[in-house]
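Asker: Here it is, the structure, as structure tokens.
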Amino acid sequence: MKHAKILGTGSYLPEKVLLNSDLEKLVDTSDEWIRERTGIHQRHIAAEGETTLDLAENAARNAIDAAGVAVSDIDLIVIATTTPDCVFPSVASMLQARLGIINECPAFDVQAVCAGFAYALGVADNFIRAGSAKVVLVIGAETFSRILNWKDRNTCVLFGDGAGAVVLGASDEPGIHSTHLHADGRYKDLLHVPNGVSRGYDVMQQEEAFVQMRGNEVFRMAVKKMGEVVEEALAQNNMQKSDVDWLVPHQANIRIIKATARKLQMDMSQVVLTVQNHGNTSAASIPLALDVAVRDGRIKRGERILLEGFGGGFTWGAALITY
Ligand code: UT7
């Protein structure tokens with residue numbers, strides 16, 4: 001059983017909804033600008049005291065229910081997050097305890113920002129291919145609102161909080177056909193939170209503790225690299241664009257998503273869009289979108305899905321999957 005198959009999906013969004021009109025009161029922006037330039041209408045924001053672990057736990061429980069596995073069957077937990085509850089232990093470790101998994105399975109976090117879910121899925125897929133795991137919980141969970149400067153209109157209108165999860169199981173047939181992960185660290189200054197623990201809390205400047213982005217340059221690279229990585233995924237599997245039923249992209253900007261769909265010659269009816277309701281939830285955006293389309297009956301068993309994400313680093317990745 002050398003393939004990883006998606007057994008079930010789950011997701012969770014915090015209750016509080018922040019509308020574009022709410023943001024008009026915080027920064028010099030407008031509902032019209034945000035909708036036109038990004039496609040975002042609203043986003044969810046974690047309540048005070050609600051953490052990435054809480055979001056991850058809710059998404060995980062939904063995915064475990066959908067997969068129909070026992071928590072004791074899970075033998076690996078990988079969580080993609082940029083916004084962990086604490087420096088250590090990992091969110092994955094803490095989630096293992098919350099879920100009551102006492103089989104001592106490995107649990108760790110992966111940090112690749114908005115490409116994080118593609119990375120986590122790639123890691124999990126390779127564990128299953130190598131025979132090192134049979135049932136894997138893979139999660140993308142973020143409380144990105146905590147690292148936003150609510151005075152910076154360039155960034156605070158774009159992001160939201162949420163979590164999405166999948167349970168992968170070892171199977172005789174794919175499943176995940178291939179994953180494709182890339183990074184280019186030369187672009188680190190275009191999208192980053194400059195400060196971090198290693199530089200010392202005492203030098204932590206307010207604005208350096210928050211997301212900074214040169215949006216236009218990120219946009220251009222995102223369109224280019226998403227286009228390249230989907231071609232790479234198709235070529236490796238000797239598949240044509242027409243072999244793909246669904247595009248489940250990272251939900252940063254509707255204009256980036258439309259550009260990728262155009263390159264794939266896919267009609268927008270084959271693209272799962274959640275950016276209007278969720279905003280950019282970083283590592284959570286792909287599994288959130290996947291779960292939405294599975295639960296509303298659009299994505300069906302046997303259909304082929306292309307996932308792709310792009311984020312700070314830069315990091316980017318894709319996965320070609322038969323659901
Ligand atoms: O998930 C990780 C990857 N992230 C992304 O993929 C994000 C990629 N970037 C983007 O999605 C877009 O670049 C943005 C949505 C961030 C910005 O859209 P844009 O069309 O690239 O706008 P821009 O940055 O070129 O700015 C256009 C104008 C500027 O004003 P001037 O200089 O032309 O007078 C900005 O100051 O829009 C202004 N602007 C705003 N106006 C109203 C920037 N943010 C806002 C705002 N409200 N929130």
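Here, A, B, ... name the chains of the structure tokens in the order displayed, residue numbers run from 1 inside each chain, and ligands are numbered from 1 in the same displayed order.
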Throw together the list of residues within 6 Å of ligand 1, counting only C-alpha atoms and all ligand atoms, and drop it here as a list in words.
Answerer: Thr29, Ser30, Trp33, Arg37, Thr38, Cys114, Arg153, Asn154, Val157, Gly215, Asn216, Val218, Phe219, Ala222, Ala252, Asn253, Ser282, Phe310 and Gly311 of chain A
Asker: Might you pull out every residue within 8 Å of range 140-150 of chain A, with only C-alpha atoms counted and same-chain residues fewer than 6 positions away left off, and present them as a ChimeraX atom specification?
Answerer: /A:26-27,45-46,51-53,55-56,79-84,116-117,156,159-165,193,207,209-211,281-285,287
Asker: Could the residues in this selection be saved with N, CA and C atoms as an mmCIF file, in the first residue's frame?
Answerer:
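As written to disk, selection.cif reads:
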```cif
data_model
loop_
_atom_site.group_PDB
_atom_site.id
_atom_site.type_symbol
_atom_site.label_atom_id
_atom_site.label_comp_id
_atom_site.auth_asym_id
_atom_site.auth_seq_id
_atom_site.Cartn_x
_atom_site.Cartn_y
_atom_site.Cartn_z
ATOM 1 N N LEU A 26 -11.267 51.227 10.115
ATOM 2 C CA LEU A 26 -9.919 51.083 10.686
ATOM 3 C C LEU A 26 -8.840 51.742 9.846
ATOM 4 N N VAL A 27 -8.956 51.600 8.512
ATOM 5 C CA VAL A 27 -7.936 52.129 7.601
ATOM 6 C C VAL A 27 -8.609 52.814 6.411
ATOM 7 N N ILE A 45 -12.375 35.972 12.014
ATOM 8 C CA ILE A 45 -11.286 36.353 12.928
ATOM 9 C C ILE A 45 -11.465 35.602 14.248
ATOM 10 N N ALA A 46 -10.385 34.986 14.708
ATOM 11 C CA ALA A 46 -10.436 34.219 15.961
ATOM 12 C C ALA A 46 -10.805 35.139 17.123
ATOM 13 N N THR A 51 -7.093 30.068 19.836
ATOM 14 C CA THR A 51 -5.757 29.934 19.244
ATOM 15 C C THR A 51 -5.761 28.999 18.038
ATOM 16 N N THR A 52 -4.605 28.937 17.395
ATOM 17 C CA THR A 52 -4.429 28.037 16.250
ATOM 18 C C THR A 52 -4.736 26.596 16.645
ATOM 19 N N LEU A 53 -4.329 26.206 17.852
ATOM 20 C CA LEU A 53 -4.614 24.844 18.332
ATOM 21 C C LEU A 53 -6.124 24.590 18.393
ATOM 22 N N LEU A 55 -8.482 26.025 16.602
ATOM 23 C CA LEU A 55 -8.988 25.920 15.233
ATOM 24 C C LEU A 55 -8.614 24.559 14.630
ATOM 25 N N ALA A 56 -7.346 24.169 14.850
ATOM 26 C CA ALA A 56 -6.847 22.890 14.308
ATOM 27 C C ALA A 56 -7.636 21.721 14.892
ATOM 28 N N ILE A 79 1.181 19.503 10.966
ATOM 29 C CA ILE A 79 0.385 20.735 10.895
ATOM 30 C C ILE A 79 1.199 21.836 10.225
ATOM 31 N N ALA A 80 0.612 22.420 9.191
ATOM 32 C CA ALA A 80 1.215 23.583 8.547
ATOM 33 C C ALA A 80 0.682 24.825 9.243
ATOM 34 N N THR A 81 1.584 25.595 9.824
ATOM 35 C CA THR A 81 1.169 26.857 10.438
ATOM 36 C C THR A 81 2.343 27.819 10.533
ATOM 37 N N THR A 82 1.997 29.099 10.455
ATOM 38 C CA THR A 82 2.977 30.175 10.641
ATOM 39 C C THR A 82 2.681 30.897 11.940
ATOM 40 N N THR A 83 1.553 30.525 12.556
ATOM 41 C CA THR A 83 1.072 31.246 13.726
ATOM 42 C C THR A 83 0.798 30.268 14.876
ATOM 43 N N PRO A 84 1.857 29.574 15.345
ATOM 44 C CA PRO A 84 1.663 28.590 16.406
ATOM 45 C C PRO A 84 1.325 29.257 17.747
ATOM 46 N N GLY A 116 2.164 26.216 2.959
ATOM 47 C CA GLY A 116 2.349 25.257 4.046
ATOM 48 C C GLY A 116 1.561 23.974 3.877
ATOM 49 N N PHE A 117 0.321 24.076 3.410
ATOM 50 C CA PHE A 117 -0.467 22.839 3.283
ATOM 51 C C PHE A 117 0.111 21.938 2.193
ATOM 52 N N CYS A 156 -3.788 44.393 6.072
ATOM 53 C CA CYS A 156 -4.817 43.961 7.030
ATOM 54 C C CYS A 156 -6.143 43.603 6.369
ATOM 55 N N PHE A 159 -6.167 39.186 4.944
ATOM 56 C CA PHE A 159 -6.039 37.881 5.608
ATOM 57 C C PHE A 159 -7.183 37.574 6.567
ATOM 58 N N GLY A 160 -7.315 36.278 6.892
ATOM 59 C CA GLY A 160 -8.310 35.822 7.860
ATOM 60 C C GLY A 160 -7.797 34.599 8.595
ATOM 61 N N ASP A 161 -8.607 34.095 9.520
ATOM 62 C CA ASP A 161 -8.218 32.945 10.339
ATOM 63 C C ASP A 161 -9.059 31.725 9.961
ATOM 64 N N GLY A 162 -8.516 30.539 10.185
ATOM 65 C CA GLY A 162 -9.279 29.315 9.911
ATOM 66 C C GLY A 162 -8.382 28.094 9.948
ATOM 67 N N ALA A 163 -8.999 26.936 9.735
ATOM 68 C CA ALA A 163 -8.234 25.684 9.697
ATOM 69 C C ALA A 163 -8.930 24.690 8.780
ATOM 70 N N GLY A 164 -8.123 23.889 8.099
ATOM 71 C CA GLY A 164 -8.649 22.818 7.256
ATOM 72 C C GLY A 164 -7.805 21.576 7.489
ATOM 73 N N ALA A 165 -8.422 20.411 7.335
ATOM 74 C CA ALA A 165 -7.702 19.168 7.640
ATOM 75 C C ALA A 165 -8.073 18.075 6.653
ATOM 76 N N VAL A 193 7.430 38.577 8.003
ATOM 77 C CA VAL A 193 7.373 39.222 9.316
ATOM 78 C C VAL A 193 8.840 39.306 9.738
ATOM 79 N N GLU A 207 6.141 47.358 14.275
ATOM 80 C CA GLU A 207 5.801 47.067 12.877
ATOM 81 C C GLU A 207 6.580 45.862 12.336
ATOM 82 N N ALA A 209 6.982 43.149 13.903
ATOM 83 C CA ALA A 209 6.365 41.923 14.415
ATOM 84 C C ALA A 209 5.155 41.538 13.564
ATOM 85 N N PHE A 210 4.895 42.321 12.514
ATOM 86 C CA PHE A 210 3.705 42.095 11.692
ATOM 87 C C PHE A 210 4.078 41.847 10.226
ATOM 88 N N VAL A 211 3.095 41.330 9.498
ATOM 89 C CA VAL A 211 3.302 41.022 8.078
ATOM 90 C C VAL A 211 3.617 42.294 7.296
ATOM 91 N N THR A 281 -6.317 32.768 4.226
ATOM 92 C CA THR A 281 -6.054 32.136 5.533
ATOM 93 C C THR A 281 -4.731 31.377 5.524
ATOM 94 N N SER A 282 -3.825 31.786 4.633
ATOM 95 C CA SER A 282 -2.477 31.211 4.584
ATOM 96 C C SER A 282 -2.543 29.688 4.442
ATOM 97 N N ALA A 283 -1.876 28.943 5.313
ATOM 98 C CA ALA A 283 -1.808 27.474 5.163
ATOM 99 C C ALA A 283 -3.162 26.792 5.251
ATOM 100 N N ALA A 284 -4.158 27.492 5.786
ATOM 101 C CA ALA A 284 -5.482 26.866 5.935
ATOM 102 C C ALA A 284 -6.318 26.964 4.672
ATOM 103 N N SER A 285 -5.929 27.812 3.732
ATOM 104 C CA SER A 285 -6.866 28.157 2.662
ATOM 105 C C SER A 285 -7.170 26.988 1.720
ATOM 106 N N PRO A 287 -6.924 23.497 2.303
ATOM 107 C CA PRO A 287 -7.790 22.456 2.881
ATOM 108 C C PRO A 287 -9.181 22.967 3.247
#
```
Asker: Taking only range 104-320 of chain A into account, list the residues labelled alpha helix (DSSP H) by DSSP (computed from the backbone), as a PyMOL selection string.
Answerer: chain A and resi 116-129+153-156+215-236+254-263+275-278+285-295
Asker: Which polymer residues have any atom within 6 Å of an atom of Ile40 in chain A, counting only C-alpha atoms, with same-chain residues fewer than 2 positions away left out, as a list in words?
Answerer: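 The filter keeps Arg35, Thr38, Gln42, Val275, Gln276 and Gly279 of chain A.
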Asker: Counting only C-alpha atoms, figure out which residue out of A:Gly297, A:Gly68, A:Pro106, A:Gly312 gets nearest to Val166 in chain A.
Answerer: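 The answer is A:Gly68, which sits nearest to Val166 in chain A.
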Asker: Range 109-216 of chain A: which residues are strand (DSSP E) by DSSP, as a ChimeraX atom specification?
Answerer: /A:109-110,135-143,161-171,176-183,191-192,212-213
Asker: Taking into account only C-alpha atoms, which residue in the set A:Glu104, A:Asp73, A:Glu48, A:Asp54 is nearest to Lys16 in chain A?
Answerer: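 Once distances to Lys16 in chain A are computed over only C-alpha atoms, the minimum belongs to A:Glu48.
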Asker: What's the 9 Å shell around Lys2 in chain A, counting only C-alpha atoms, without same-chain residues fewer than 5 positions away, as a list in words?
Answerer: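 Within the cut-off, the hits are Ile128, Arg129, Ala130, Gly131, Ala170, Ser171, Asp172, Glu173 and Pro174 of chain A.
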Asker: Select, from A:Leu137, A:Ile256, A:Ala4, A:Cys86, the residue with the minimum atom-to-atom distance to Glu57 in chain A, counting only C-alpha atoms.
Answerer: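 Looking at the shortest contact to Glu57 in chain A, the residue is A:Leu137.
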Asker: Find the residues near range 100-102 of chain A: any atom within 12 Å, counting only C-alpha atoms, skip ones fewer than 6 places away on the same chain, and give them as a JSON list (two decimals) with N, CA and C atoms, in the first residue's frame.
Answerer:
```
[["chain", "number", "residue", "atom", "x", "y", "z"],
["A", 57, "GLU", "N", -7.93, 21.80, 16.18],
["A", 57, "GLU", "CA", -8.66, 20.70, 16.83],
["A", 57, "GLU", "C", -10.05, 20.51, 16.21],
["A", 61, "ARG", "N", -11.19, 17.17, 14.18],
["A", 61, "ARG", "CA", -12.31, 16.30, 14.60],
["A", 61, "ARG", "C", -13.29, 16.09, 13.45],
["A", 70, "ALA", "N", -10.46, 5.66, 13.76],
["A", 70, "ALA", "CA", -10.35, 5.87, 15.21],
["A", 70, "ALA", "C", -9.10, 6.72, 15.45],
["A", 71, "VAL", "N", -9.14, 7.59, 16.46],
["A", 71, "VAL", "CA", -7.96, 8.44, 16.69],
["A", 71, "VAL", "C", -6.72, 7.59, 16.97],
["A", 72, "SER", "N", -6.94, 6.41, 17.55],
["A", 72, "SER", "CA", -5.80, 5.54, 17.86],
["A", 72, "SER", "C", -5.12, 4.99, 16.59],
["A", 73, "ASP", "N", -5.82, 5.10, 15.43],
["A", 73, "ASP", "CA", -5.21, 4.64, 14.17],
["A", 73, "ASP", "C", -4.23, 5.67, 13.60],
["A", 74, "ILE", "N", -4.33, 6.91, 14.05],
["A", 74, "ILE", "CA", -3.48, 7.97, 13.47],
["A", 74, "ILE", "C", -2.04, 7.72, 13.91],
["A", 75, "ASP", "N", -1.14, 7.63, 12.92],
["A", 75, "ASP", "CA", 0.25, 7.36, 13.29],
["A", 75, "ASP", "C", 1.22, 8.45, 12.83],
["A", 76, "LEU", "N", 0.67, 9.61, 12.45],
["A", 76, "LEU", "CA", 1.50, 10.80, 12.17],
["A", 76, "LEU", "C", 0.59, 12.02, 12.12],
["A", 77, "ILE", "N", 1.06, 13.12, 12.72],
["A", 77, "ILE", "CA", 0.31, 14.40, 12.65],
["A", 77, "ILE", "C", 1.27, 15.46, 12.11],
["A", 92, "ALA", "N", 1.15, 20.56, 16.59],
["A", 92, "ALA", "CA", 0.85, 19.14, 16.32],
["A", 92, "ALA", "C", 0.99, 18.30, 17.58],
["A", 93, "SER", "N", 2.03, 18.56, 18.34],
["A", 93, "SER", "CA", 2.25, 17.84, 19.60],
["A", 93, "SER", "C", 1.09, 18.07, 20.57],
["A", 94, "MET", "N", 0.72, 19.33, 20.70],
["A", 94, "MET", "CA", -0.36, 19.66, 21.64],
["A", 94, "MET", "C", -1.69, 19.08, 21.16],
["A", 137, "LEU", "N", -2.83, 12.56, 9.83],
["A", 137, "LEU", "CA", -3.66, 13.76, 9.97],
["A", 137, "LEU", "C", -2.83, 14.94, 9.49]]
```
Asker: Please indicate the distance in Å from CA of Lys300 in chain A to CA of Val69 in chain A, rounded to one decimal place.
Answerer: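 About the pair CA of Lys300 in chain A and CA of Val69 in chain A: they are 19.8 Å apart.
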Asker: Residues within 7 Å of Asp291 in chain A, please, as a PyMOL selection string. Count only C-alpha atoms; anything in the same chain fewer than 6 positions from it doesn't count.
Answerer: chain A and resi 9-11
Asker: So what do you get for CA of Val197 in chain A versus CA of Arg43 in chain A, distance-wise?
Answerer: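 Distance reported for this atom pair: 28.3 Å.
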